[in-house]
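Everything below concerns the one structure shown next.
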Amino acid sequence: MAYDKFTKLTSSAVPLPIENVDTDQIIPARFLKATERKGFGDNLFRDWRYNNDDTPKLDFVLNNPIYSGKILVGGKNFGSGSSREHAAWAIYDYGFRCVVSSFFADIFKGNAINVGILPVQVSEPFLEQIFQAMEADPKAELTVDLAAQTITINATGAVESFAINGYKKHNLLNGFDDIDYLQAMKEEIKTFATASAY
Amino acid sequence: MSHQPTTLFDKVWDAHVIRKIEDGPDVFFIDRHFIHEVTSPVAFLGLETRGIDVMFPDRTFATADHNTPTINQHLPVADPLSANQLLALENNSAKYGISHWGLGDPKNGIVHVVGPENGITQPGMTIVCGDSHTSTHGAFGAIAFGIGTSEVEMVLSSQCIMQPKPKKMRINVNGILGKAVTPKDVTLFIIAQLTTAGATGYFVEYAGDVFENMSMEGRMTVCNMSIEMGARGGMIAPDETTFNYIKGKEKAPKGEAWDKALAYWKTLQTDAAAQFDKEYSFDAADIEPMITYGTNPGMGMGISKSIPKATDLEGGVATYAKSLKYMGFEESEPMIGKKVDYVFIGSCTNGRIEDFRAFASIVKGRKKADHVTAWIVPGSHIVEAQIREEGIYDILTEAGFLLRQPGCSACLAMNDDKIPAGKYAVSTSNRNFEGRQGPGSRTLLASPLVAAAAAVTGVVTDPRELL
């Protein structure tokens, strides 16, 4: 589905300074049984967020009212493991529009962009600066500017550039998706398929 | 004409690029597409919303596996949500004219088991599925990788995805594997060396005599786990072992088409002077039976060793401590002798006939430990039939094991096969993430031999002592 445009976002953020956050943590398999893309945010980080009796685990960051915002800041190697796009849907449905980390797993990164979440990969020192800014002030705001490809820690003014390929950037800025693009080249695909060895 | 030396990966990739987008991904043609009940329904919904059709329904194959029960498959599925997903797969397949091997179909089984065993998977193909273990099919010299549901919708509607070309890595393992060292141990060893993110951004070619001497089942186990070190996929150059496996399979080319295909498949090799972005080499003699002790597949070690200290490893100390706390383990402890509550053999990693032969080789003449609950789950009905034909079923039954019906089962615990909170499972599957096999479950990844040794002794046991 085509999604909202992403241009510039200024928001406080939620810190999750854990490495190798895998997609089974983001959304456990037992919550993948829907046939529609609805309600996944309720089960985002389910087993870190709730006890077995469904009471909230108070030491988990999503249950800490001090932290809120549209940006999730995770530790290195965010989104490893299963290809489930449900992980990106859960993050989006919960209200995040941007995930920041010093390293992303490939499939998660692609899925995030495909559902309209901007993955912003920063250096490890910059990630550390973000975590420090949030520790100093839980409401510390970050500004993510897609056109300029920069992320700023507003309180300190520290800025870093991030990479994104021009095609995906154009899509996000305009709310286009890959299916629009592919539908426009069906004749070319048909010709290719006819000549295919398989 | 100058001839630039290229890799196997380049040859297959470049043959499938329809268009290169400047400062963007390649428009990449997909030969075969597998779908299952969990990651496809929203893609079909997307087609409906947009009012577009499936472009090439005969290039997509559906099988039910993630959600299916592993007992009483002839009865209606009890969980209404699971039943609904299975029905959606059946209805969507029928609506668009896609081949569907549903629950009870003799060809049903785990998608990455049934694709190869029916000859759908062939060298030189591009293969995708909404499942990260699609890398399994790379064992045939195909480029195969997992995709998200948006991409499932792309493939259904255009037979293409938009994919930047990954970097290239080669992993060489040469030498003679020791006693009780299986393909699963080789892959767990490699992942432990590279770490869980060590190959992110790369597509791997496995090379060396260890892989050349492996069966297709073994090669599938190795390629299957490529994603567990972050690689998009892994592949092995096709050879006589590959061709012999495919020949005669239902969907394999026949007669003249076979000869033509074979001639092409034989060209699918990395040229001698081809360059990789990264290359690793390991000695087979350094690999012993492996077991994991933590909460990602990179946290593995030789079974006779002790759990490493955080300070001896890369990565954050806090994350490591969280992981060991979850597992209930301490630094520097041995794993041998730890009590095991559950044993699971199966999954797209180790659910093929060779895995059950290995399991039976240790179980034969012994009894299941009383306190161990064991789930023995074949990867497909074809594997199940082989288990019966080869007498493995009788060995299992005599030792007190029950053979279940095919499916993904306890690998991801979407059905009722869940390991209870706090319990330890030696599992031949692919992931030991927190809660992967059920909320609070603790997973020790290992080979079928290590699983069998645990099943009969009730504790983590070196399989070399039982062979």
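Identifiers in this document derive from the order of the structure tokens: chains are assigned A, B, ..., residues are numbered from 1 separately in each chain, and ligands are numbered from 1 in order of occurrence.
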*Got a sec to pull out which chain B residues are within 7 Å of chain A, counting only C-alpha atoms, and send them as a PyMOL selection string?*
chain B and resi 23-24+31+38-39+41-42+46+81-82+85+130-132+146-150+154+158+197+200-201+228+230+319+412+414+436
*Write out as a PyMOL selection string all residues of range 320-454 of chain B that backbone DSSP assigns to helix (DSSP H, G or I).*
chain B and resi 320-327+347-350+353-363+381-389+392-398+409-411+448-454
*asked:* So that I can check the surroundings of Val383 in chain B, please list as a PyMOL selection string every protein, DNA and RNA residue that reaches within 12 Å of it, counting only C-alpha atoms and ignoring chain neighbours fewer than 2 positions away.
replied: chain B and resi 106-110+113-114+117-118+217+346-348+350-357+376-381+385-390+392-393+403-407
*Extract, using only C-alpha atoms, all DNA, RNA and protein residues at most 10 Å from Ala425 in chain B, discarding same-chain residues fewer than 6 positions from it, and format them as number ranges by chain.*
B: 339-344, 372-374, 410, 419, 432, 437, 441-445, 451, 454-455
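From CA of Pro15 in chain A back to CA of Phe131 in chain A, the distance works out to 6.7 Å.
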*Residues of range 237-320 of chain B in strand (DSSP E or B) according to DSSP, as a count of residues only?*
13
Give me, as a compact mmCIF listing (two decimals) with N, CA and C atoms, in the first residue's frame, all polymer residues having an atom no more than 9 Å from range 172-188 of chain B, counting only C-alpha atoms and skipping those fewer than 3 positions away in the same chain.
# COMPACT_ATOMS: atom_id res chain seq x y z
N ILE B 191 28.84 -19.26 12.12
CA ILE B 191 28.08 -18.13 12.67
C ILE B 191 28.72 -17.64 13.97
N ALA B 192 29.21 -18.57 14.78
CA ALA B 192 29.88 -18.18 16.02
C ALA B 192 31.14 -17.36 15.71
N GLN B 193 31.83 -17.71 14.62
CA GLN B 193 33.04 -16.96 14.24
C GLN B 193 32.69 -15.57 13.72
N GLU B 205 28.93 -17.13 -0.75
CA GLU B 205 29.15 -18.41 -1.43
C GLU B 205 29.97 -19.29 -0.51
N TYR B 206 29.50 -20.52 -0.27
CA TYR B 206 30.24 -21.49 0.52
C TYR B 206 31.08 -22.33 -0.45
N ALA B 207 32.37 -22.46 -0.16
CA ALA B 207 33.24 -23.20 -1.06
C ALA B 207 34.23 -24.04 -0.25
N GLY B 208 34.81 -25.01 -0.91
CA GLY B 208 35.79 -25.87 -0.25
C GLY B 208 35.31 -27.31 -0.21
N ASP B 209 36.23 -28.21 0.11
CA ASP B 209 35.88 -29.64 -0.03
C ASP B 209 34.84 -30.11 1.00
N VAL B 210 34.73 -29.40 2.11
CA VAL B 210 33.71 -29.81 3.09
C VAL B 210 32.31 -29.71 2.47
N PHE B 211 32.07 -28.65 1.71
CA PHE B 211 30.74 -28.49 1.08
C PHE B 211 30.62 -29.38 -0.16
N MET B 214 29.48 -32.70 0.84
CA MET B 214 28.20 -32.76 1.56
C MET B 214 27.06 -33.22 0.66
N GLU B 217 21.06 -32.51 1.36
CA GLU B 217 20.41 -32.21 2.64
C GLU B 217 21.34 -31.37 3.52
N GLY B 218 22.62 -31.77 3.57
CA GLY B 218 23.59 -31.03 4.37
C GLY B 218 23.80 -29.62 3.85
N ARG B 219 23.90 -29.49 2.53
CA ARG B 219 24.09 -28.16 1.94
C ARG B 219 22.88 -27.26 2.24
N MET B 220 21.69 -27.87 2.24
CA MET B 220 20.50 -27.07 2.55
C MET B 220 20.55 -26.58 4.00
N THR B 221 21.02 -27.42 4.91
CA THR B 221 21.15 -27.01 6.32
C THR B 221 22.08 -25.81 6.43
N VAL B 222 23.19 -25.86 5.72
CA VAL B 222 24.18 -24.77 5.80
C VAL B 222 23.60 -23.48 5.20
N CYS B 223 23.05 -23.57 3.98
CA CYS B 223 22.52 -22.36 3.33
C CYS B 223 21.34 -21.79 4.11
N MET B 225 20.93 -21.52 7.24
CA MET B 225 21.34 -20.73 8.40
C MET B 225 22.07 -19.44 8.01
N SER B 226 22.26 -19.18 6.72
CA SER B 226 23.02 -17.99 6.29
C SER B 226 22.45 -16.72 6.90
N GLU B 279 36.41 -12.42 2.39
CA GLU B 279 36.61 -13.86 2.29
C GLU B 279 37.11 -14.41 3.62
N TYR B 280 36.57 -15.55 4.04
CA TYR B 280 37.01 -16.22 5.26
C TYR B 280 37.38 -17.66 4.90
N SER B 281 38.35 -18.20 5.63
CA SER B 281 38.70 -19.62 5.44
C SER B 281 38.82 -20.29 6.80
N PHE B 282 38.22 -21.45 6.90
CA PHE B 282 38.28 -22.21 8.16
C PHE B 282 38.75 -23.63 7.89
N ASP B 283 39.31 -24.23 8.94
CA ASP B 283 39.82 -25.60 8.86
C ASP B 283 38.79 -26.53 9.50
N ALA B 284 38.37 -27.53 8.75
CA ALA B 284 37.34 -28.46 9.24
C ALA B 284 37.74 -29.10 10.58
N ALA B 285 39.04 -29.29 10.77
CA ALA B 285 39.51 -29.97 11.98
C ALA B 285 39.24 -29.14 13.24
N ASP B 286 38.99 -27.84 13.09
CA ASP B 286 38.73 -26.98 14.26
C ASP B 286 37.27 -27.04 14.73
N ILE B 287 36.44 -27.77 13.99
CA ILE B 287 35.01 -27.77 14.31
C ILE B 287 34.66 -29.02 15.12
N GLU B 288 34.00 -28.83 16.25
CA GLU B 288 33.49 -29.98 17.00
C GLU B 288 31.97 -29.87 17.07
N PRO B 289 31.26 -30.89 17.57
CA PRO B 289 29.81 -30.74 17.72
C PRO B 289 29.53 -29.45 18.50
N MET B 290 28.55 -28.67 18.01
CA MET B 290 28.31 -27.34 18.54
C MET B 290 27.02 -27.30 19.36
N ILE B 291 26.93 -26.31 20.24
CA ILE B 291 25.68 -26.04 20.96
C ILE B 291 25.65 -24.54 21.26
N THR B 292 24.47 -23.94 21.30
CA THR B 292 24.39 -22.53 21.66
C THR B 292 24.03 -22.40 23.14
N PRO B 297 21.88 -16.91 17.43
CA PRO B 297 22.59 -18.08 16.91
C PRO B 297 24.10 -17.92 16.86
N GLY B 298 24.60 -16.69 16.99
CA GLY B 298 26.04 -16.47 17.03
C GLY B 298 26.65 -16.86 18.37
N MET B 299 25.81 -17.07 19.37
CA MET B 299 26.30 -17.42 20.70
C MET B 299 26.38 -18.95 20.82
N GLY B 300 27.29 -19.51 20.03
CA GLY B 300 27.47 -20.96 20.01
C GLY B 300 28.91 -21.31 20.33
N MET B 301 29.13 -22.57 20.74
CA MET B 301 30.48 -23.01 21.11
C MET B 301 30.60 -24.52 20.93
N GLY B 302 31.83 -25.01 20.87
CA GLY B 302 32.05 -26.44 20.86
C GLY B 302 31.48 -27.03 22.13
N THR B 349 15.54 -26.35 8.83
CA THR B 349 16.98 -26.50 8.99
C THR B 349 17.38 -27.97 9.06
N ASN B 350 16.69 -28.74 9.87
CA ASN B 350 17.04 -30.15 10.09
C ASN B 350 15.80 -31.04 10.12
N THR B 428 16.87 -28.65 16.98
CA THR B 428 17.63 -28.66 15.72
C THR B 428 17.21 -27.51 14.80
N LEU B 445 20.45 -24.49 20.49
CA LEU B 445 20.49 -24.97 19.10
C LEU B 445 21.61 -25.99 18.94
N ALA B 446 21.31 -27.04 18.17
CA ALA B 446 22.32 -28.09 18.00
C ALA B 446 21.95 -28.97 16.80
N SER B 447 22.80 -29.94 16.53
CA SER B 447 22.58 -30.87 15.42
C SER B 447 21.62 -31.98 15.85
N PRO B 448 21.14 -32.77 14.89
CA PRO B 448 20.30 -33.93 15.25
C PRO B 448 21.03 -34.93 16.16
N LEU B 449 22.35 -35.05 16.02
CA LEU B 449 23.09 -35.99 16.88
C LEU B 449 23.12 -35.49 18.32
N VAL B 450 23.36 -34.19 18.50
CA VAL B 450 23.38 -33.63 19.86
C VAL B 450 21.97 -33.69 20.46
N PRO B 463 27.80 -36.13 21.74
CA PRO B 463 27.34 -37.30 20.98
C PRO B 463 28.47 -38.27 20.64
N ARG B 464 29.71 -37.78 20.68
CA ARG B 464 30.84 -38.66 20.35
C ARG B 464 30.95 -39.81 21.34
N LEU B 467 28.46 -42.72 20.07
CA LEU B 467 28.57 -43.30 18.71
C LEU B 467 29.62 -44.39 18.68
Selection: 6 Å around range 61-68 of chain A, only C-alpha atoms, excl. self and same-chain fewer than 5 positions, as a PDB file with N, CA and C atoms, in the first residue's frame:
ATOM      1  N   ALA A  13      11.887  10.988  21.639  1.00  0.00           N
ATOM      2  CA  ALA A  13      12.147   9.624  21.186  1.00  0.00           C
ATOM      3  C   ALA A  13      12.082   8.638  22.346  1.00  0.00           C
ATOM      4  N   VAL A  14      12.044   7.360  21.986  1.00  0.00           N
ATOM      5  CA  VAL A  14      12.018   6.291  22.989  1.00  0.00           C
ATOM      6  C   VAL A  14      13.322   5.507  22.870  1.00  0.00           C
ATOM      7  N   PRO A 138      14.621  13.268  29.156  1.00  0.00           N
ATOM      8  CA  PRO A 138      13.800  12.270  28.454  1.00  0.00           C
ATOM      9  C   PRO A 138      12.938  12.860  27.344  1.00  0.00           C
TER      10      PRO A 138
END
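Coordinates place CA of Phe243 in chain B at a distance of 26.6 Å from CA of Pro57 in chain B.
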*Spatial neighbours of range 39-41 of chain A, max dist 7 Å, only C-alpha atoms, sep filter under 3 positions, as a list of chain:residue names*: A:Leu44, A:Trp89, A:Ala90, A:Ile91, A:Asp93, A:Tyr94
Residues just named, written with N, CA and C atoms as a JSON list (two decimals), in the first residue's frame:
[["chain", "number", "residue", "atom", "x", "y", "z"],
["A", 44, "LEU", "N", 3.40, -4.93, 20.10],
["A", 44, "LEU", "CA", 4.79, -4.52, 19.89],
["A", 44, "LEU", "C", 5.60, -4.83, 21.16],
["A", 89, "TRP", "N", 5.15, -3.33, 10.75],
["A", 89, "TRP", "CA", 3.76, -2.90, 10.94],
["A", 89, "TRP", "C", 3.50, -2.56, 12.40],
["A", 90, "ALA", "N", 4.04, -3.38, 13.31],
["A", 90, "ALA", "CA", 3.81, -3.15, 14.75],
["A", 90, "ALA", "C", 4.43, -1.83, 15.19],
["A", 91, "ILE", "N", 5.64, -1.56, 14.69],
["A", 91, "ILE", "CA", 6.32, -0.31, 15.04],
["A", 91, "ILE", "C", 5.54, 0.89, 14.49],
["A", 93, "ASP", "N", 2.28, 0.92, 13.60],
["A", 93, "ASP", "CA", 0.95, 0.97, 14.22],
["A", 93, "ASP", "C", 1.00, 1.56, 15.64],
["A", 94, "TYR", "N", 2.13, 1.33, 16.32],
["A", 94, "TYR", "CA", 2.29, 1.89, 17.66],
["A", 94, "TYR", "C", 2.44, 3.41, 17.60]]
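CA of Asp417 in chain B lies 23.9 Å from CA of Asp42 in chain A.
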